[in-house]
file query-v2.cif (mmCIF, C-alpha atoms)
data_data
loop_
_atom_site.group_PDB
_atom_site.id
_atom_site.type_symbol
_atom_site.label_atom_id
_atom_site.label_comp_id
_atom_site.auth_asym_id
_atom_site.auth_seq_id
_atom_site.Cartn_x
_atom_site.Cartn_y
_atom_site.Cartn_z
ATOM 1 C CA MET A 117 -11.136 27.074 24.833
ATOM 2 C CA HIS A 118 -11.287 23.775 26.743
ATOM 3 C CA GLN A 119 -13.691 24.205 29.662
ATOM 4 C CA GLY A 120 -11.342 22.630 32.222
ATOM 5 C CA LEU A 121 -8.514 24.976 31.294
ATOM 6 C CA ARG A 122 -10.785 27.977 31.611
ATOM 7 C CA LEU A 123 -11.418 26.807 35.138
ATOM 8 C CA VAL A 124 -7.675 26.337 35.744
ATOM 9 C CA ALA A 125 -6.980 29.875 34.508
ATOM 10 C CA GLY A 126 -9.704 31.211 36.761
ATOM 11 C CA LEU A 127 -8.396 29.308 39.766
ATOM 12 C CA ILE A 128 -4.860 30.565 39.173
ATOM 13 C CA ALA A 129 -6.180 34.106 39.072
ATOM 14 C CA ALA A 130 -8.279 33.527 42.178
ATOM 15 C CA THR A 131 -5.332 31.943 43.981
ATOM 16 C CA LEU A 132 -2.941 34.775 43.166
ATOM 17 C CA VAL A 133 -5.420 37.640 43.522
ATOM 18 C CA SER A 134 -7.738 36.953 46.429
ATOM 19 C CA TRP A 135 -8.728 33.386 47.268
ATOM 20 C CA THR A 136 -11.861 33.296 49.420
ATOM 21 C CA GLU A 137 -12.661 30.830 52.157
ATOM 22 C CA ALA A 138 -15.356 29.200 50.039
ATOM 23 C CA ARG A 139 -14.778 25.769 48.594
ATOM 24 C CA ALA A 140 -15.519 24.993 44.942
ATOM 25 C CA GLN A 141 -18.888 23.430 45.731
ATOM 26 C CA GLU A 142 -19.979 26.483 47.711
ATOM 27 C CA VAL A 143 -19.232 29.033 44.990
ATOM 28 C CA ASN A 144 -20.262 26.734 42.127
ATOM 29 C CA LEU A 145 -17.226 27.565 39.967
ATOM 30 C CA MET A 146 -18.277 24.922 37.498
ATOM 31 C CA GLN A 147 -21.155 22.484 37.696
ATOM 32 C CA GLY A 148 -19.928 19.136 38.977
ATOM 33 C CA VAL A 149 -16.533 20.315 40.261
ATOM 34 C CA MET A 150 -16.119 19.038 43.787
ATOM 35 C CA PRO A 151 -13.232 18.669 46.241
ATOM 36 C CA ARG A 152 -11.604 15.259 46.492
ATOM 37 C CA PRO A 153 -13.504 13.064 48.932
ATOM 38 C CA GLY A 154 -12.221 13.841 52.422
ATOM 39 C CA ASP A 155 -10.456 17.049 51.357
ATOM 40 C CA GLU A 156 -11.854 19.713 53.644
ATOM 41 C CA ARG A 157 -8.868 22.079 53.487
ATOM 42 C CA VAL A 158 -9.448 25.769 52.878
ATOM 43 C CA THR A 159 -6.877 28.227 51.539
ATOM 44 C CA ALA A 160 -6.710 31.370 53.659
ATOM 45 C CA PRO A 161 -7.949 34.558 51.971
ATOM 46 C CA ASN A 162 -5.144 36.423 50.204
ATOM 47 C CA GLN A 163 -2.611 33.728 51.111
ATOM 48 C CA PHE A 164 -1.069 33.934 47.633
ATOM 49 C CA LYS A 165 -2.138 37.440 46.695
ATOM 50 C CA LYS A 166 0.299 39.046 44.296
ATOM 51 C CA ASP A 167 0.071 41.771 41.700
ATOM 52 C CA GLY A 168 0.888 40.814 38.129
ATOM 53 C CA PRO A 169 2.548 40.227 35.889
ATOM 54 C CA TRP A 170 2.698 36.607 36.984
ATOM 55 C CA LYS A 171 5.089 33.897 35.870
ATOM 56 C CA ILE A 172 3.070 30.675 35.589
ATOM 57 C CA GLY A 173 4.694 27.292 35.071
ATOM 58 C CA MET A 174 3.083 24.114 33.833
ATOM 59 C CA SER A 175 4.596 20.660 34.238
ATOM 60 C CA HIS A 176 2.772 18.487 31.720
ATOM 61 C CA PHE A 177 3.279 14.717 31.776
ATOM 62 C CA GLY A 178 3.319 14.481 27.987
ATOM 63 C CA VAL A 179 1.968 17.087 25.625
ATOM 64 C CA ASN A 180 1.944 14.734 22.650
ATOM 65 C CA ALA A 181 0.477 11.722 24.465
ATOM 66 C CA ASN A 182 -2.802 12.079 22.550
ATOM 67 C CA THR A 183 -4.948 14.736 20.878
ATOM 68 C CA TRP A 184 -6.602 15.702 24.166
ATOM 69 C CA THR A 185 -3.249 16.467 25.833
ATOM 70 C CA VAL A 186 -2.127 18.493 22.819
ATOM 71 C CA GLN A 187 -5.330 20.528 23.050
ATOM 72 C CA MET A 188 -4.955 20.964 26.820
ATOM 73 C CA ALA A 189 -1.419 22.330 26.444
ATOM 74 C CA HIS A 190 -2.348 24.723 23.629
ATOM 75 C CA ASP A 191 -5.476 25.887 25.467
ATOM 76 C CA ALA A 192 -3.390 26.616 28.557
ATOM 77 C CA GLU A 193 -0.968 28.689 26.476
ATOM 78 C CA ALA A 194 -3.875 30.521 24.829
ATOM 79 C CA ALA A 195 -5.532 31.254 28.189
ATOM 80 C CA ALA A 196 -2.253 32.669 29.497
ATOM 81 C CA LYS A 197 -1.826 34.904 26.436
ATOM 82 C CA LEU A 198 -5.350 36.280 26.863
ATOM 83 C CA ASP A 199 -4.854 37.189 30.523
ATOM 84 C CA LYS A 200 -2.926 40.456 30.824
ATOM 85 C CA ARG A 201 -1.888 39.531 34.379
ATOM 86 C CA VAL A 202 0.210 36.640 33.051
ATOM 87 C CA GLY A 203 3.569 38.024 31.989
ATOM 88 C CA GLN A 204 5.161 34.655 31.231
ATOM 89 C CA PHE A 205 3.798 31.144 30.762
ATOM 90 C CA ILE A 206 6.328 28.322 30.864
ATOM 91 C CA LEU A 207 5.129 24.959 29.530
ATOM 92 C CA LEU A 208 7.454 22.055 30.248
ATOM 93 C CA ASP A 209 6.785 18.676 28.615
ATOM 94 C CA ALA A 210 7.934 15.597 30.549
ATOM 95 C CA ASN A 211 7.466 13.490 27.405
ATOM 96 C CA ILE A 212 6.002 10.603 29.452
ATOM 97 C CA SER A 213 9.117 10.452 31.677
ATOM 98 C CA GLN A 214 8.788 10.457 35.455
ATOM 99 C CA ALA A 215 12.429 11.572 35.864
ATOM 100 C CA LYS A 216 11.844 14.461 33.452
ATOM 101 C CA GLN A 217 8.701 15.560 35.301
ATOM 102 C CA VAL A 218 10.613 15.621 38.590
ATOM 103 C CA ALA A 219 13.338 17.733 36.936
ATOM 104 C CA ASP A 220 10.744 20.020 35.297
ATOM 105 C CA ILE A 221 9.078 20.844 38.611
ATOM 106 C CA GLU A 222 12.485 21.486 40.188
ATOM 107 C CA ASP A 223 13.257 23.820 37.269
ATOM 108 C CA LEU A 224 10.014 25.764 37.756
ATOM 109 C CA ILE A 225 10.737 26.146 41.471
ATOM 110 C CA ALA A 226 14.253 27.398 40.657
ATOM 111 C CA GLN A 227 12.748 29.925 38.217
ATOM 112 C CA LYS A 228 10.612 31.234 41.110
ATOM 113 C CA VAL A 229 7.318 30.970 39.251
ATOM 114 C CA ASP A 230 4.239 32.434 40.920
ATOM 115 C CA ALA A 231 2.150 29.261 40.453
ATOM 116 C CA ILE A 232 2.625 25.786 39.040
ATOM 117 C CA ILE A 233 0.044 23.712 37.187
ATOM 118 C CA VAL A 234 0.925 20.004 37.312
ATOM 119 C CA THR A 235 -0.558 17.207 35.236
ATOM 120 C CA PRO A 236 1.101 14.225 36.940
ATOM 121 C CA LEU A 237 2.303 11.259 34.912
ATOM 122 C CA THR A 238 1.626 8.850 37.778
ATOM 123 C CA PRO A 239 0.081 9.240 41.236
ATOM 124 C CA THR A 240 3.595 9.650 42.697
ATOM 125 C CA SER A 241 5.623 11.240 39.865
ATOM 126 C CA ALA A 242 5.081 14.812 41.000
ATOM 127 C CA ASP A 243 4.554 14.401 44.758
ATOM 128 C CA ALA A 244 8.023 15.456 45.944
ATOM 129 C CA GLY A 245 8.031 18.459 43.611
ATOM 130 C CA ILE A 246 4.532 19.505 44.655
ATOM 131 C CA GLU A 247 5.518 19.349 48.310
ATOM 132 C CA LYS A 248 8.734 21.291 47.673
ATOM 133 C CA ALA A 249 6.915 23.989 45.667
ATOM 134 C CA VAL A 250 4.232 24.471 48.313
ATOM 135 C CA ALA A 251 6.916 24.599 51.031
ATOM 136 C CA ALA A 252 8.590 27.364 48.966
ATOM 137 C CA GLY A 253 5.322 29.336 48.981
ATOM 138 C CA ILE A 254 4.359 28.511 45.387
ATOM 139 C CA PRO A 255 0.706 27.512 44.938
ATOM 140 C CA VAL A 256 0.287 24.257 43.020
ATOM 141 C CA ILE A 257 -2.744 23.374 40.923
ATOM 142 C CA VAL A 258 -3.017 19.650 40.196
ATOM 143 C CA HIS A 259 -4.856 19.260 36.905
ATOM 144 C CA THR A 260 -6.104 16.001 35.454
ATOM 145 C CA GLY A 261 -4.112 13.449 37.357
ATOM 146 C CA LEU A 262 -3.986 11.933 40.789
ATOM 147 C CA THR A 263 -1.318 12.422 43.427
ATOM 148 C CA GLU A 264 -0.639 10.560 46.613
ATOM 149 C CA THR A 265 0.347 13.771 48.377
ATOM 150 C CA ASP A 266 -2.291 16.125 49.704
ATOM 151 C CA LYS A 267 0.072 19.109 49.845
ATOM 152 C CA TYR A 268 -1.221 20.738 46.623
ATOM 153 C CA THR A 269 -3.151 24.024 46.786
ATOM 154 C CA VAL A 270 -5.984 23.225 44.360
ATOM 155 C CA ASP A 271 -7.014 19.970 42.672
ATOM 156 C CA ILE A 272 -8.970 19.946 39.407
ATOM 157 C CA GLN A 273 -9.804 16.733 37.638
ATOM 158 C CA GLY A 274 -10.663 17.173 33.963
ATOM 159 C CA GLY A 275 -11.660 14.867 31.195
ATOM 160 C CA GLY A 276 -14.723 12.693 30.878
ATOM 161 C CA SER A 277 -14.245 10.305 33.764
ATOM 162 C CA THR A 278 -14.138 10.443 37.512
ATOM 163 C CA SER A 279 -11.942 8.318 39.693
ATOM 164 C CA GLU A 280 -11.427 7.766 43.368
ATOM 165 C CA ARG A 281 -8.221 7.049 45.160
#
call {"tool": "encode", "arguments": {"input": "query-v2.cif", "output": "structure tokens"}}
result
Amino acid sequence: MHQGLRLVAGLIAATLVSWTEARAQEVNLMQGVMPRPGDERVTAPNQFKKDGPWKIGMSHFGVNANTWTVQMAHDAEAAAKLDKRVGQFILLDANISQAKQVADIEDLIAQKVDAIIVTPLTPTSADAGIEKAVAAGIPVIVHTGLTETDKYTVDIQGGGSTSER
């Protein structure tokens, strides 16, 4: 399974089960994974604690954009199937459409998912949805894509490159 998605699955579990006050660099979840520069926020222990089965939603910017995105989507589905705590995994494909991604996140919020994984199309395409989800008490994991908002719960940048805002 793709190493980044294993980390995402682990962070979802940690977020929903019992998030500690340690940051990624302090617990060494994965070598080289660090908070965004300047991001010193800490999620309170047990803030999102919930017994399973969980309903996890994923808003993907475009599953068929390239072979890596296809693999990421299928690995996420496979990780969800392997985790008995995940009762339902909903993968929504924005098909490289900012309007569709906005609608997808709104749909996941309306379905009252327990967590949302977002791979943003652009640095602003998912911001309003991320903020709305977090305001509704839904933890949001930003995966492999930048946002201009800082209202997400966890940020994981995958792939082979690093970038700064």
call {"tool": "residues_around", "arguments": {"input": "query-v2.cif", "residues": "range 191-208 of chain A", "least_positions_apart": "4", "cutoff": "6 Å", "atoms": "all atoms listed in the file", "output": "mmCIF file with C-alpha atoms, in the coordinates of the input"}}
result
data_model
loop_
_atom_site.group_PDB
_atom_site.id
_atom_site.type_symbol
_atom_site.label_atom_id
_atom_site.label_comp_id
_atom_site.auth_asym_id
_atom_site.auth_seq_id
_atom_site.Cartn_x
_atom_site.Cartn_y
_atom_site.Cartn_z
ATOM 1 C CA MET A 117 -11.136 27.074 24.833
ATOM 2 C CA GLY A 168 0.888 40.814 38.129
ATOM 3 C CA PRO A 169 2.548 40.227 35.889
ATOM 4 C CA TRP A 170 2.698 36.607 36.984
ATOM 5 C CA LYS A 171 5.089 33.897 35.870
ATOM 6 C CA ILE A 172 3.070 30.675 35.589
ATOM 7 C CA GLY A 173 4.694 27.292 35.071
ATOM 8 C CA MET A 174 3.083 24.114 33.833
ATOM 9 C CA SER A 175 4.596 20.660 34.238
ATOM 10 C CA GLN A 187 -5.330 20.528 23.050
#
call {"tool": "closest_residue", "arguments": {"input": "query-v2.cif", "among": "A:Ile254, A:Leu262, A:Ala189, A:Ala181", "to": "Ile221 in chain A", "atoms": "only C-alpha atoms"}}
result
A:Ile254
call {"tool": "closest_residue", "arguments": {"input": "query-v2.cif", "among": "A:Asp209, A:Glu247, A:Glu264, A:Asp220", "to": "Val179 in chain A", "atoms": "all atoms listed in the file"}}
result
A:Asp209
call {"tool": "resolve_selection", "arguments": {"input": "query-v2.cif", "expression": "the PyMOL selection byres ((chain A and resi 237) around 12)", "output": "JSON, numbers by chain"}}
result
{"A": [175, 176, 177, 178, 179, 181, 185, 209, 210, 211, 212, 213, 214, 215, 216, 217, 218, 234, 235, 236, 238, 239, 240, 241, 242, 243, 258, 259, 260, 261, 262, 263]}
call {"tool": "resolve_selection", "arguments": {"input": "query-v2.cif", "expression": "the PyMOL selection byres ((chain A and resi 271) around 7)", "output": "list in words"}}
result
Ile257, Val258, His259, Thr269, Val270, Ile272 and Gln273 of chain A
call {"tool": "atom_distance", "arguments": {"input": "query-v2.cif", "atom1": "CA of Ile246 in chain A", "atom2": "CA of Trp184 in chain A"}}
result
23.6 Å
call {"tool": "closest_residue", "arguments": {"input": "query-v2.cif", "among": "A:Val256, A:Ala219, A:Met188, A:Leu224", "to": "Phe164 in chain A", "atoms": "only C-alpha atoms"}}
result
A:Val256
call {"tool": "atom_distance", "arguments": {"input": "query-v2.cif", "atom1": "CA of Ala231 in chain A", "atom2": "CA of Thr183 in chain A"}}
result
25.4 Å
call {"tool": "atom_distance", "arguments": {"input": "query-v2.cif", "atom1": "CA of Val186 in chain A", "atom2": "CA of Ile232 in chain A"}}
result
18.4 Å
call {"tool": "decode", "arguments": {"input": "query-v2.cif", "residues": "range 219-268 of chain A", "atoms": "C-alpha atoms", "output": "PDB file, in the first residue's frame"}}
result
ATOM      1  CA  ALA A 219     -20.114  20.300  -4.001  1.00  0.00           C
ATOM      2  CA  ASP A 220     -18.419  17.024  -2.984  1.00  0.00           C
ATOM      3  CA  ILE A 221     -17.252  18.425   0.350  1.00  0.00           C
ATOM      4  CA  GLU A 222     -20.721  19.865   0.983  1.00  0.00           C
ATOM      5  CA  ASP A 223     -22.156  16.411   0.227  1.00  0.00           C
ATOM      6  CA  LEU A 224     -19.804  14.715   2.702  1.00  0.00           C
ATOM      7  CA  ILE A 225     -20.737  17.233   5.397  1.00  0.00           C
ATOM      8  CA  ALA A 226     -24.440  16.604   4.701  1.00  0.00           C
ATOM      9  CA  GLN A 227     -23.823  12.846   5.016  1.00  0.00           C
ATOM     10  CA  LYS A 228     -22.368  13.519   8.492  1.00  0.00           C
ATOM     11  CA  VAL A 229     -19.126  11.651   7.875  1.00  0.00           C
ATOM     12  CA  ASP A 230     -16.801  11.147  10.833  1.00  0.00           C
ATOM     13  CA  ALA A 231     -13.729  12.491   8.988  1.00  0.00           C
ATOM     14  CA  ILE A 232     -12.926  13.947   5.592  1.00  0.00           C
ATOM     15  CA  ILE A 233      -9.727  13.465   3.609  1.00  0.00           C
ATOM     16  CA  VAL A 234      -9.274  16.251   1.045  1.00  0.00           C
ATOM     17  CA  THR A 235      -6.848  16.344  -1.859  1.00  0.00           C
ATOM     18  CA  PRO A 236      -7.427  19.926  -3.035  1.00  0.00           C
ATOM     19  CA  LEU A 237      -7.461  20.770  -6.728  1.00  0.00           C
ATOM     20  CA  THR A 238      -6.087  24.259  -6.084  1.00  0.00           C
ATOM     21  CA  PRO A 239      -4.888  26.082  -2.964  1.00  0.00           C
ATOM     22  CA  THR A 240      -8.373  27.620  -2.593  1.00  0.00           C
ATOM     23  CA  SER A 241     -10.731  25.010  -4.106  1.00  0.00           C
ATOM     24  CA  ALA A 242     -11.496  23.278  -0.827  1.00  0.00           C
ATOM     25  CA  ASP A 243     -10.984  26.081   1.713  1.00  0.00           C
ATOM     26  CA  ALA A 244     -14.640  26.981   2.322  1.00  0.00           C
ATOM     27  CA  GLY A 245     -15.610  23.316   2.622  1.00  0.00           C
ATOM     28  CA  ILE A 246     -12.725  22.561   4.975  1.00  0.00           C
ATOM     29  CA  GLU A 247     -13.717  25.458   7.206  1.00  0.00           C
ATOM     30  CA  LYS A 248     -17.383  24.421   7.167  1.00  0.00           C
ATOM     31  CA  ALA A 249     -16.545  20.782   7.985  1.00  0.00           C
ATOM     32  CA  VAL A 250     -14.283  21.718  10.891  1.00  0.00           C
ATOM     33  CA  ALA A 251     -16.935  24.144  12.191  1.00  0.00           C
ATOM     34  CA  ALA A 252     -19.393  21.203  12.083  1.00  0.00           C
ATOM     35  CA  GLY A 253     -17.011  19.150  14.249  1.00  0.00           C
ATOM     36  CA  ILE A 254     -15.704  16.963  11.414  1.00  0.00           C
ATOM     37  CA  PRO A 255     -11.918  16.502  11.415  1.00  0.00           C
ATOM     38  CA  VAL A 256     -10.336  17.254   8.042  1.00  0.00           C
ATOM     39  CA  ILE A 257      -7.120  15.695   6.782  1.00  0.00           C
ATOM     40  CA  VAL A 258      -5.550  17.635   3.910  1.00  0.00           C
ATOM     41  CA  HIS A 259      -3.583  15.170   1.807  1.00  0.00           C
ATOM     42  CA  THR A 260      -1.237  16.068  -1.017  1.00  0.00           C
ATOM     43  CA  GLY A 261      -2.284  19.575  -1.860  1.00  0.00           C
ATOM     44  CA  LEU A 262      -1.991  23.040  -0.445  1.00  0.00           C
ATOM     45  CA  THR A 263      -4.749  25.163   1.038  1.00  0.00           C
ATOM     46  CA  GLU A 264      -4.847  28.813   1.906  1.00  0.00           C
ATOM     47  CA  THR A 265      -6.940  28.109   4.991  1.00  0.00           C
ATOM     48  CA  ASP A 266      -5.326  26.863   8.168  1.00  0.00           C
ATOM     49  CA  LYS A 267      -8.578  25.479   9.587  1.00  0.00           C
ATOM     50  CA  TYR A 268      -7.823  21.824   8.705  1.00  0.00           C
TER      51      TYR A 268
END
